[in-house]
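Some notes on the structure that comes next.
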Amino acid sequence: MKKNLTILSAILITLFSSTAKAQDDKPVARSYMAFIGGLSNPLGDYASTSYSNNNAGFAKKGETFGLDFGIYVHKNFGIGITLAYQDQGELSAADVQNLANGYNASFIKNQTSVTSLGRFTNLTLMAGPQYSFLFKNFTLDLRVSGGIIKSFTTPATTIVFDYSANSGSTYYQLSSGALAFAYGASAGLRYTLSDSWDVGLKINYINSSGLKISNTGGDAGTTGRFQTNMPVSLIQPTLGITLKF
């Protein structure tokens, strides 16, 4: 009996040792810094070109580039940080004409002219928990994040109304430099090129309830379309080169 217990103890110790060794041999994610660049596609209100939608942003497909960090604090769990710049284009001639037609029909004006200057440009800083799954030469990164979006410029528009009896007025929608809270999520797949370098594809989603928009010379009761808030929603497929450390 004593001999059997000794054999059983030896088997259990061997099993525990093997399990512990397998856990120790399991690959662990390494912290990294990546340069990313790709497309930035507006969604929802941000992409809308409807005159009747006061939240319509008229943003266009554009580009994004920036830095992406993964800092691991326990095995494959860490904190992800992304700092990125976005350019979402400018109002087109068709957009300007669409706005002019809408304003002209609102409250019946003889003629309305609209001009636009500037682009949709902003910077996002997002951070949140990240977990990475490793399989052979591939790493799958999953992240949820929160942060800020800082607008540098939005298109400034000048709307000139011509009424009857030689009267008229001018209304300005100003370029926005607002700061707003944003949240999002991302999924990335990296392929190991060497001990220090990866290359990868990432899909990033960003949403914000909106940037504050200021106006002068008009109001919703006399001009028609009157925007005070611009929601931002983006989906961004990017490519990146990663340095692990």
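To be explicit about the labels: the chains of the structure tokens are called A, B, and onward in the order shown, and within each one the residues are counted from 1, while ligands get numbers from 1 in the order they are shown.
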At most 12 Å is the cut-off: for each residue in range 101-165 of chain A with any atom that close to an atom of range 225-228 of chain A, write down the nearest atom pair and the distance in Å rounded to one decimal, counting only C-alpha atoms, chain first then increasing number, as JSON lines.
{"residue": "A:Asn101", "atom": "CA", "partner": "A:Arg225", "partner_atom": "CA", "distance": 11.2}
{"residue": "A:Gly102", "atom": "CA", "partner": "A:Arg225", "partner_atom": "CA", "distance": 7.9}
{"residue": "A:Tyr103", "atom": "CA", "partner": "A:Arg225", "partner_atom": "CA", "distance": 6.8}
{"residue": "A:Asn104", "atom": "CA", "partner": "A:Arg225", "partner_atom": "CA", "distance": 10.5}
{"residue": "A:Ala105", "atom": "CA", "partner": "A:Arg225", "partner_atom": "CA", "distance": 10.6}
{"residue": "A:Ser106", "atom": "CA", "partner": "A:Arg225", "partner_atom": "CA", "distance": 8.1}
{"residue": "A:Phe107", "atom": "CA", "partner": "A:Arg225", "partner_atom": "CA", "distance": 10.7}
{"residue": "A:Ala156", "atom": "CA", "partner": "A:Gln227", "partner_atom": "CA", "distance": 11.9}
{"residue": "A:Thr157", "atom": "CA", "partner": "A:Gln227", "partner_atom": "CA", "distance": 11.3}
{"residue": "A:Ile159", "atom": "CA", "partner": "A:Arg225", "partner_atom": "CA", "distance": 10.8}
Keeping C-alpha atoms, export the residues of the selection given above as an mmCIF file, in the first residue's frame.
data_model
loop_
_atom_site.group_PDB
_atom_site.id
_atom_site.type_symbol
_atom_site.label_atom_id
_atom_site.label_comp_id
_atom_site.auth_asym_id
_atom_site.auth_seq_id
_atom_site.Cartn_x
_atom_site.Cartn_y
_atom_site.Cartn_z
ATOM 1 C CA ASN A 101 -31.086 74.860 -52.358
ATOM 2 C CA GLY A 102 -32.218 73.828 -48.878
ATOM 3 C CA TYR A 103 -31.677 77.237 -47.314
ATOM 4 C CA ASN A 104 -33.392 78.942 -50.245
ATOM 5 C CA ALA A 105 -36.499 76.802 -49.796
ATOM 6 C CA SER A 106 -36.642 77.426 -46.039
ATOM 7 C CA PHE A 107 -38.722 80.488 -45.135
ATOM 8 C CA ALA A 156 -16.500 77.070 -42.239
ATOM 9 C CA THR A 157 -19.541 78.053 -44.306
ATOM 10 C CA ILE A 159 -24.540 81.655 -46.213
#
Excluding range 117-132 of chain A and residues on its chain fewer than 2 positions from it, collect all residues at most 9 Å away from it, counting only C-alpha atoms, and give them as an mmCIF file with N, CA, C and O atoms, in the first residue's frame.
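Output (around_2.cif):
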data_model
loop_
_atom_site.group_PDB
_atom_site.id
_atom_site.type_symbol
_atom_site.label_atom_id
_atom_site.label_comp_id
_atom_site.auth_asym_id
_atom_site.auth_seq_id
_atom_site.Cartn_x
_atom_site.Cartn_y
_atom_site.Cartn_z
ATOM 1 N N VAL A 28 4.151 34.369 -24.389
ATOM 2 C CA VAL A 28 3.575 35.550 -23.735
ATOM 3 C C VAL A 28 3.773 36.751 -24.652
ATOM 4 O O VAL A 28 4.834 36.921 -25.263
ATOM 5 N N ALA A 29 2.732 37.575 -24.764
ATOM 6 C CA ALA A 29 2.802 38.749 -25.630
ATOM 7 C C ALA A 29 3.852 39.733 -25.114
ATOM 8 O O ALA A 29 4.050 39.883 -23.907
ATOM 9 N N ALA A 59 -18.936 64.742 -43.893
ATOM 10 C CA ALA A 59 -17.549 64.265 -43.921
ATOM 11 C C ALA A 59 -17.366 63.237 -45.042
ATOM 12 O O ALA A 59 -18.296 62.512 -45.410
ATOM 13 N N LYS A 60 -16.165 63.162 -45.562
ATOM 14 C CA LYS A 60 -15.841 62.283 -46.686
ATOM 15 C C LYS A 60 -14.868 61.187 -46.262
ATOM 16 O O LYS A 60 -14.231 61.266 -45.210
ATOM 17 N N GLY A 70 1.014 48.872 -27.334
ATOM 18 C CA GLY A 70 0.491 47.822 -26.475
ATOM 19 C C GLY A 70 1.479 47.604 -25.344
ATOM 20 O O GLY A 70 2.633 47.235 -25.601
ATOM 21 N N ILE A 71 1.057 47.844 -24.110
ATOM 22 C CA ILE A 71 1.930 47.696 -22.950
ATOM 23 C C ILE A 71 1.330 46.608 -22.056
ATOM 24 O O ILE A 71 0.265 46.807 -21.452
ATOM 25 N N TYR A 72 1.992 45.460 -21.986
ATOM 26 C CA TYR A 72 1.438 44.313 -21.267
ATOM 27 C C TYR A 72 1.847 44.357 -19.801
ATOM 28 O O TYR A 72 3.017 44.598 -19.462
ATOM 29 N N ASN A 76 -0.693 38.087 -21.260
ATOM 30 C CA ASN A 76 -1.250 38.619 -22.509
ATOM 31 C C ASN A 76 -2.270 39.737 -22.300
ATOM 32 O O ASN A 76 -2.952 40.140 -23.237
ATOM 33 N N PHE A 77 -2.374 40.209 -21.069
ATOM 34 C CA PHE A 77 -3.290 41.304 -20.763
ATOM 35 C C PHE A 77 -2.496 42.592 -20.601
ATOM 36 O O PHE A 77 -1.473 42.633 -19.913
ATOM 37 N N GLY A 78 -2.994 43.660 -21.232
ATOM 38 C CA GLY A 78 -2.264 44.920 -21.142
ATOM 39 C C GLY A 78 -3.149 46.121 -21.400
ATOM 40 O O GLY A 78 -4.379 46.037 -21.395
ATOM 41 N N ILE A 79 -2.509 47.246 -21.639
ATOM 42 C CA ILE A 79 -3.171 48.502 -21.940
ATOM 43 C C ILE A 79 -2.778 48.923 -23.358
ATOM 44 O O ILE A 79 -1.588 48.952 -23.696
ATOM 45 N N GLY A 80 -3.776 49.234 -24.173
ATOM 46 C CA GLY A 80 -3.526 49.706 -25.531
ATOM 47 C C GLY A 80 -3.762 51.199 -25.632
ATOM 48 O O GLY A 80 -4.698 51.733 -25.018
ATOM 49 N N ILE A 81 -2.913 51.880 -26.382
ATOM 50 C CA ILE A 81 -3.014 53.331 -26.560
ATOM 51 C C ILE A 81 -2.839 53.654 -28.040
ATOM 52 O O ILE A 81 -1.926 53.132 -28.683
ATOM 53 N N THR A 82 -3.710 54.504 -28.573
ATOM 54 C CA THR A 82 -3.596 54.929 -29.970
ATOM 55 C C THR A 82 -3.697 56.445 -30.064
ATOM 56 O O THR A 82 -4.630 57.047 -29.525
ATOM 57 N N LEU A 83 -2.729 57.038 -30.732
ATOM 58 C CA LEU A 83 -2.742 58.464 -31.042
ATOM 59 C C LEU A 83 -2.765 58.584 -32.560
ATOM 60 O O LEU A 83 -1.842 58.122 -33.229
ATOM 61 N N ALA A 84 -3.842 59.176 -33.111
ATOM 62 C CA ALA A 84 -3.998 59.182 -34.569
ATOM 63 C C ALA A 84 -4.578 60.503 -35.068
ATOM 64 O O ALA A 84 -5.370 61.161 -34.382
ATOM 65 N N TYR A 85 -4.191 60.833 -36.290
ATOM 66 C CA TYR A 85 -4.668 62.039 -36.981
ATOM 67 C C TYR A 85 -5.589 61.610 -38.112
ATOM 68 O O TYR A 85 -5.303 60.638 -38.825
ATOM 69 N N GLN A 86 -6.693 62.338 -38.297
ATOM 70 C CA GLN A 86 -7.656 62.040 -39.359
ATOM 71 C C GLN A 86 -7.902 63.261 -40.239
ATOM 72 O O GLN A 86 -7.984 64.389 -39.730
ATOM 73 N N ASP A 87 -8.030 63.034 -41.538
ATOM 74 C CA ASP A 87 -8.460 64.066 -42.486
ATOM 75 C C ASP A 87 -9.637 63.493 -43.257
ATOM 76 O O ASP A 87 -9.490 62.498 -43.969
ATOM 77 N N GLN A 88 -10.814 64.127 -43.098
ATOM 78 C CA GLN A 88 -12.042 63.613 -43.718
ATOM 79 C C GLN A 88 -12.527 64.484 -44.873
ATOM 80 O O GLN A 88 -13.707 64.551 -45.146
ATOM 81 N N GLY A 89 -11.593 65.169 -45.540
ATOM 82 C CA GLY A 89 -11.944 65.894 -46.746
ATOM 83 C C GLY A 89 -12.632 67.222 -46.495
ATOM 84 O O GLY A 89 -12.533 67.815 -45.417
ATOM 85 N N GLU A 90 -13.370 67.703 -47.496
ATOM 86 C CA GLU A 90 -14.032 69.006 -47.447
ATOM 87 C C GLU A 90 -15.369 68.926 -48.168
ATOM 88 O O GLU A 90 -15.668 67.924 -48.842
ATOM 89 N N LEU A 91 -16.167 69.966 -48.042
ATOM 90 C CA LEU A 91 -17.446 69.997 -48.740
ATOM 91 C C LEU A 91 -17.214 70.079 -50.244
ATOM 92 O O LEU A 91 -16.366 70.848 -50.710
ATOM 93 N N THR A 115 -20.826 79.404 -49.506
ATOM 94 C CA THR A 115 -19.409 79.130 -49.770
ATOM 95 C C THR A 115 -18.838 78.386 -48.568
ATOM 96 O O THR A 115 -19.295 78.566 -47.435
ATOM 97 N N LEU A 134 -2.124 34.436 -28.877
ATOM 98 C CA LEU A 134 -0.983 34.069 -29.701
ATOM 99 C C LEU A 134 -1.159 32.665 -30.250
ATOM 100 O O LEU A 134 -1.509 31.730 -29.511
ATOM 101 N N THR A 139 -0.705 36.965 -33.914
ATOM 102 C CA THR A 139 -1.195 37.539 -32.663
ATOM 103 C C THR A 139 -2.484 38.300 -32.949
ATOM 104 O O THR A 139 -2.517 39.175 -33.822
ATOM 105 N N LEU A 140 -3.547 37.948 -32.228
ATOM 106 C CA LEU A 140 -4.832 38.626 -32.352
ATOM 107 C C LEU A 140 -4.992 39.558 -31.159
ATOM 108 O O LEU A 140 -5.008 39.118 -30.013
ATOM 109 N N ASP A 141 -5.119 40.863 -31.425
ATOM 110 C CA ASP A 141 -5.274 41.869 -30.380
ATOM 111 C C ASP A 141 -6.713 42.370 -30.343
ATOM 112 O O ASP A 141 -7.228 42.852 -31.361
ATOM 113 N N LEU A 142 -7.359 42.282 -29.172
ATOM 114 C CA LEU A 142 -8.721 42.782 -28.991
ATOM 115 C C LEU A 142 -8.696 43.870 -27.921
ATOM 116 O O LEU A 142 -8.110 43.688 -26.848
ATOM 117 N N ARG A 143 -9.376 44.999 -28.198
ATOM 118 C CA ARG A 143 -9.287 46.154 -27.304
ATOM 119 C C ARG A 143 -10.599 46.930 -27.278
ATOM 120 O O ARG A 143 -11.273 47.059 -28.300
ATOM 121 N N VAL A 144 -10.967 47.424 -26.112
ATOM 122 C CA VAL A 144 -12.015 48.446 -25.981
ATOM 123 C C VAL A 144 -11.341 49.691 -25.420
ATOM 124 O O VAL A 144 -10.372 49.596 -24.656
ATOM 125 N N SER A 145 -11.833 50.864 -25.800
ATOM 126 C CA SER A 145 -11.102 52.064 -25.422
ATOM 127 C C SER A 145 -12.011 53.268 -25.242
ATOM 128 O O SER A 145 -13.144 53.313 -25.730
ATOM 129 N N GLY A 146 -11.493 54.245 -24.542
ATOM 130 C CA GLY A 146 -12.144 55.534 -24.373
ATOM 131 C C GLY A 146 -11.089 56.613 -24.448
ATOM 132 O O GLY A 146 -9.901 56.350 -24.250
ATOM 133 N N GLY A 147 -11.516 57.835 -24.745
ATOM 134 C CA GLY A 147 -10.538 58.900 -24.858
ATOM 135 C C GLY A 147 -11.159 60.188 -25.331
ATOM 136 O O GLY A 147 -12.309 60.499 -25.003
ATOM 137 N N ILE A 148 -10.408 60.931 -26.130
ATOM 138 C CA ILE A 148 -10.858 62.239 -26.598
ATOM 139 C C ILE A 148 -10.657 62.379 -28.100
ATOM 140 O O ILE A 148 -9.804 61.718 -28.701
ATOM 141 N N ILE A 149 -11.467 63.240 -28.693
ATOM 142 C CA ILE A 149 -11.271 63.670 -30.071
ATOM 143 C C ILE A 149 -11.131 65.187 -30.054
ATOM 144 O O ILE A 149 -11.957 65.884 -29.456
ATOM 145 N N LYS A 150 -10.050 65.684 -30.644
ATOM 146 C CA LYS A 150 -9.794 67.121 -30.704
ATOM 147 C C LYS A 150 -9.880 67.571 -32.156
ATOM 148 O O LYS A 150 -9.076 67.162 -32.989
ATOM 149 N N SER A 151 -10.882 68.383 -32.439
ATOM 150 C CA SER A 151 -11.032 68.911 -33.795
ATOM 151 C C SER A 151 -10.036 70.052 -34.007
ATOM 152 O O SER A 151 -9.892 70.935 -33.158
ATOM 153 N N PHE A 152 -9.346 70.012 -35.146
ATOM 154 C CA PHE A 152 -8.506 71.141 -35.541
ATOM 155 C C PHE A 152 -9.303 72.110 -36.406
ATOM 156 O O PHE A 152 -9.292 73.312 -36.177
ATOM 157 N N THR A 153 -9.998 71.553 -37.394
ATOM 158 C CA THR A 153 -10.839 72.374 -38.268
ATOM 159 C C THR A 153 -12.046 71.561 -38.726
ATOM 160 O O THR A 153 -11.983 70.339 -38.852
ATOM 161 N N THR A 154 -13.154 72.259 -38.937
ATOM 162 C CA THR A 154 -14.273 71.757 -39.722
ATOM 163 C C THR A 154 -14.556 72.827 -40.774
ATOM 164 O O THR A 154 -14.197 73.994 -40.575
ATOM 165 N N PRO A 155 -15.159 72.470 -41.901
ATOM 166 C CA PRO A 155 -15.418 73.483 -42.927
ATOM 167 C C PRO A 155 -16.245 74.651 -42.394
ATOM 168 O O PRO A 155 -17.298 74.448 -41.782
ATOM 169 N N ALA A 156 -15.751 75.856 -42.599
ATOM 170 C CA ALA A 156 -16.500 77.070 -42.239
ATOM 171 C C ALA A 156 -17.362 77.464 -43.436
ATOM 172 O O ALA A 156 -16.868 77.534 -44.568
ATOM 173 N N THR A 157 -18.634 77.708 -43.209
ATOM 174 C CA THR A 157 -19.541 78.053 -44.306
ATOM 175 C C THR A 157 -20.117 79.449 -44.110
ATOM 176 O O THR A 157 -20.411 79.870 -42.985
ATOM 177 N N THR A 158 -20.244 80.133 -45.225
ATOM 178 C CA THR A 158 -20.870 81.458 -45.246
ATOM 179 C C THR A 158 -22.126 81.366 -46.100
ATOM 180 O O THR A 158 -22.070 80.952 -47.262
ATOM 181 N N SER A 175 -15.768 77.363 -38.166
ATOM 182 C CA SER A 175 -14.932 76.183 -38.036
ATOM 183 C C SER A 175 -14.810 75.810 -36.558
ATOM 184 O O SER A 175 -14.675 76.677 -35.693
ATOM 185 N N GLY A 177 -13.028 73.975 -33.288
ATOM 186 C CA GLY A 177 -11.822 73.430 -32.666
ATOM 187 C C GLY A 177 -12.173 72.753 -31.357
ATOM 188 O O GLY A 177 -11.356 72.726 -30.428
ATOM 189 N N ALA A 182 -14.747 60.425 -26.577
ATOM 190 C CA ALA A 182 -14.974 59.414 -27.605
ATOM 191 C C ALA A 182 -14.765 58.027 -27.001
ATOM 192 O O ALA A 182 -14.069 57.873 -25.988
ATOM 193 N N TYR A 183 -15.375 57.031 -27.607
ATOM 194 C CA TYR A 183 -15.160 55.641 -27.189
ATOM 195 C C TYR A 183 -15.083 54.769 -28.436
ATOM 196 O O TYR A 183 -15.456 55.193 -29.541
ATOM 197 N N GLY A 184 -14.587 53.551 -28.257
ATOM 198 C CA GLY A 184 -14.466 52.687 -29.432
ATOM 199 C C GLY A 184 -13.958 51.309 -29.094
ATOM 200 O O GLY A 184 -13.865 50.915 -27.921
ATOM 201 N N ALA A 185 -13.596 50.581 -30.140
ATOM 202 C CA ALA A 185 -13.070 49.225 -30.007
ATOM 203 C C ALA A 185 -12.233 48.914 -31.245
ATOM 204 O O ALA A 185 -12.377 49.571 -32.284
ATOM 205 N N ILE A 206 -14.454 54.273 -33.875
ATOM 206 C CA ILE A 206 -14.484 55.419 -32.964
ATOM 207 C C ILE A 206 -15.849 56.084 -33.051
ATOM 208 O O ILE A 206 -16.392 56.265 -34.147
#
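Looking only at range 45-212 of chain A, the set that DSSP places in alpha helix (DSSP H) from backbone geometry is Asp45, Tyr46, Ala47, Ala93, Ala94, Asp95, Val96, Gln97, Asn98, Leu99, Ala100, Asn101, Gly102, Tyr103, Asn104 and Ala105 of chain A.
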Point to revise | Close residues, range 241-245 of chain A itself excluded, 6 Å, only C-alpha atoms, min 5 positions apart in chain, as number ranges by chain | key: A: 31-35, 196-199
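Nearest-residue note for Gln111 in chain A: choosing from A:Gly168, A:Gly66, A:Pro231, A:Gly37, the minimum distance belongs to A:Gly168, counting only C-alpha atoms.
Residue nearest Asp162 in chain A, chosen from A:Pro237, A:Ala100, A:Asp45, A:Lys75 and counting only C-alpha atoms: A:Ala100.
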Residues within 8 Å of Gln236 in chain A, only C-alpha atoms, excluding chain neighbours under 4 positions, as a PDB file with all heavy atoms, in the first residue's frame:
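Generated file (out_2.pdb):
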ATOM      1  N   GLY A  38      -3.889  54.242 -42.841  1.00  0.00           N
ATOM      2  CA  GLY A  38      -4.911  53.603 -43.654  1.00  0.00           C
ATOM      3  C   GLY A  38      -6.075  54.529 -43.947  1.00  0.00           C
ATOM      4  O   GLY A  38      -5.928  55.752 -43.995  1.00  0.00           O
ATOM      5  N   LEU A  39      -7.240  53.927 -44.127  1.00  0.00           N
ATOM      6  CA  LEU A  39      -8.450  54.658 -44.502  1.00  0.00           C
ATOM      7  C   LEU A  39      -9.262  55.027 -43.268  1.00  0.00           C
ATOM      8  O   LEU A  39      -9.277  54.293 -42.281  1.00  0.00           O
ATOM      9  CB  LEU A  39      -9.299  53.812 -45.442  1.00  0.00           C
ATOM     10  CG  LEU A  39      -8.631  53.334 -46.736  1.00  0.00           C
ATOM     11  CD1 LEU A  39      -9.576  52.447 -47.529  1.00  0.00           C
ATOM     12  CD2 LEU A  39      -8.178  54.518 -47.579  1.00  0.00           C
ATOM     13  N   SER A  40      -9.953  56.156 -43.365  1.00  0.00           N
ATOM     14  CA  SER A  40     -10.856  56.592 -42.298  1.00  0.00           C
ATOM     15  C   SER A  40     -12.208  56.902 -42.932  1.00  0.00           C
ATOM     16  O   SER A  40     -12.339  57.870 -43.687  1.00  0.00           O
ATOM     17  CB  SER A  40     -10.292  57.831 -41.594  1.00  0.00           C
ATOM     18  OG  SER A  40     -11.095  58.202 -40.496  1.00  0.00           O
ATOM     19  N   ASN A  41     -13.185  56.051 -42.642  1.00  0.00           N
ATOM     20  CA  ASN A  41     -14.487  56.152 -43.297  1.00  0.00           C
ATOM     21  C   ASN A  41     -15.559  56.656 -42.326  1.00  0.00           C
ATOM     22  O   ASN A  41     -15.804  56.037 -41.288  1.00  0.00           O
ATOM     23  CB  ASN A  41     -14.910  54.779 -43.836  1.00  0.00           C
ATOM     24  CG  ASN A  41     -13.921  54.226 -44.838  1.00  0.00           C
ATOM     25  OD1 ASN A  41     -13.499  54.923 -45.754  1.00  0.00           O
ATOM     26  ND2 ASN A  41     -13.524  52.971 -44.647  1.00  0.00           N
ATOM     27  N   THR A  64      -6.049  58.204 -42.254  1.00  0.00           N
ATOM     28  CA  THR A  64      -5.614  58.314 -40.876  1.00  0.00           C
ATOM     29  C   THR A  64      -4.211  57.747 -40.753  1.00  0.00           C
ATOM     30  O   THR A  64      -3.836  56.822 -41.484  1.00  0.00           O
ATOM     31  CB  THR A  64      -6.574  57.568 -39.924  1.00  0.00           C
ATOM     32  OG1 THR A  64      -6.100  57.719 -38.576  1.00  0.00           O
ATOM     33  CG2 THR A  64      -6.638  56.080 -40.248  1.00  0.00           C
ATOM     34  N   LYS A 202      -5.396  46.153 -38.863  1.00  0.00           N
ATOM     35  CA  LYS A 202      -6.228  46.522 -37.716  1.00  0.00           C
ATOM     36  C   LYS A 202      -7.506  47.205 -38.187  1.00  0.00           C
ATOM     37  O   LYS A 202      -7.474  47.996 -39.124  1.00  0.00           O
ATOM     38  CB  LYS A 202      -5.447  47.463 -36.783  1.00  0.00           C
ATOM     39  CG  LYS A 202      -6.188  47.842 -35.504  1.00  0.00           C
ATOM     40  CD  LYS A 202      -5.309  48.707 -34.625  1.00  0.00           C
ATOM     41  CE  LYS A 202      -6.014  49.057 -33.322  1.00  0.00           C
ATOM     42  NZ  LYS A 202      -5.165  49.868 -32.432  1.00  0.00           N
ATOM     43  N   ILE A 203      -8.616  46.882 -37.524  1.00  0.00           N
ATOM     44  CA  ILE A 203      -9.891  47.553 -37.759  1.00  0.00           C
ATOM     45  C   ILE A 203     -10.254  48.314 -36.492  1.00  0.00           C
ATOM     46  O   ILE A 203     -10.356  47.719 -35.410  1.00  0.00           O
ATOM     47  CB  ILE A 203     -11.010  46.550 -38.107  1.00  0.00           C
ATOM     48  CG1 ILE A 203     -10.632  45.718 -39.337  1.00  0.00           C
ATOM     49  CG2 ILE A 203     -12.322  47.296 -38.346  1.00  0.00           C
ATOM     50  CD1 ILE A 203     -10.517  46.518 -40.609  1.00  0.00           C
ATOM     51  N   ASN A 204     -10.444  49.614 -36.626  1.00  0.00           N
ATOM     52  CA  ASN A 204     -10.698  50.475 -35.473  1.00  0.00           C
ATOM     53  C   ASN A 204     -12.036  51.196 -35.637  1.00  0.00           C
ATOM     54  O   ASN A 204     -12.347  51.695 -36.714  1.00  0.00           O
ATOM     55  CB  ASN A 204      -9.560  51.499 -35.349  1.00  0.00           C
ATOM     56  CG  ASN A 204      -9.626  52.273 -34.054  1.00  0.00           C
ATOM     57  OD1 ASN A 204      -9.896  51.709 -32.998  1.00  0.00           O
ATOM     58  ND2 ASN A 204      -9.364  53.563 -34.122  1.00  0.00           N
ATOM     59  N   TYR A 205     -12.804  51.235 -34.551  1.00  0.00           N
ATOM     60  CA  TYR A 205     -14.087  51.948 -34.546  1.00  0.00           C
ATOM     61  C   TYR A 205     -14.029  53.051 -33.501  1.00  0.00           C
ATOM     62  O   TYR A 205     -13.597  52.832 -32.357  1.00  0.00           O
ATOM     63  CB  TYR A 205     -15.239  51.000 -34.233  1.00  0.00           C
ATOM     64  CG  TYR A 205     -16.563  51.702 -34.008  1.00  0.00           C
ATOM     65  CD1 TYR A 205     -17.272  52.236 -35.081  1.00  0.00           C
ATOM     66  CD2 TYR A 205     -17.092  51.850 -32.730  1.00  0.00           C
ATOM     67  CE1 TYR A 205     -18.487  52.894 -34.881  1.00  0.00           C
ATOM     68  CE2 TYR A 205     -18.298  52.498 -32.521  1.00  0.00           C
ATOM     69  CZ  TYR A 205     -18.990  53.019 -33.598  1.00  0.00           C
ATOM     70  OH  TYR A 205     -20.178  53.681 -33.402  1.00  0.00           O
TER      71      TYR A 205
END
Exercise for review: DSSP on the backbone, then: every residue of range 1-239 of chain A marked strand (DSSP E or B), written as a VMD selection string.
Suggested key: chain A and resid 32 to 42 62 to 74 77 to 87 111 to 117 121 to 135 138 to 153 156 to 162 168 to 173 179 to 192 197 to 212 215 to 216 229 to 239
Check your understanding: range 136-138 of chain A: which residues within 10 Å, counting only C-alpha atoms, same-chain residues fewer than 5 positions away excluded, as a list in words?
Key ->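 Contacts, with the query itself left out: Pro27, Leu189, Arg190, Tyr191, Thr192, Leu193, Ser194, Asp198, Val199 and Gly200 of chain A.
Pairwise distance (CA of Phe181 in chain A, CA of Thr49 in chain A) equals 23.7 Å.
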Point to revise | Coordinates-based distance that separates CA of Asp219 in chain A from CA of Phe161 in chain A (Å, one decimal) | key: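 Atom-to-atom, CA of Phe161 in chain A to CA of Asp219 in chain A, that is 13.0 Å.
Take CA of Leu43 in chain A and CA of Leu179 in chain A: the distance between them is 19.3 Å.
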Exercise for review: May I ask which of the residues A:Ala187, A:Ala47, A:Leu99, A:Ile213 is the closest one to Leu201 in chain A, counting only C-alpha atoms?
Suggested key: A:Ala187
Review point. Which of these, A:Glu63, A:Ala94, A:Arg30, A:Phe133, has the shortest distance to Tyr51 in chain A once you count only C-alpha atoms?
Key: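 Residue with the minimum atom-to-atom distance to Tyr51 in chain A: A:Ala94.
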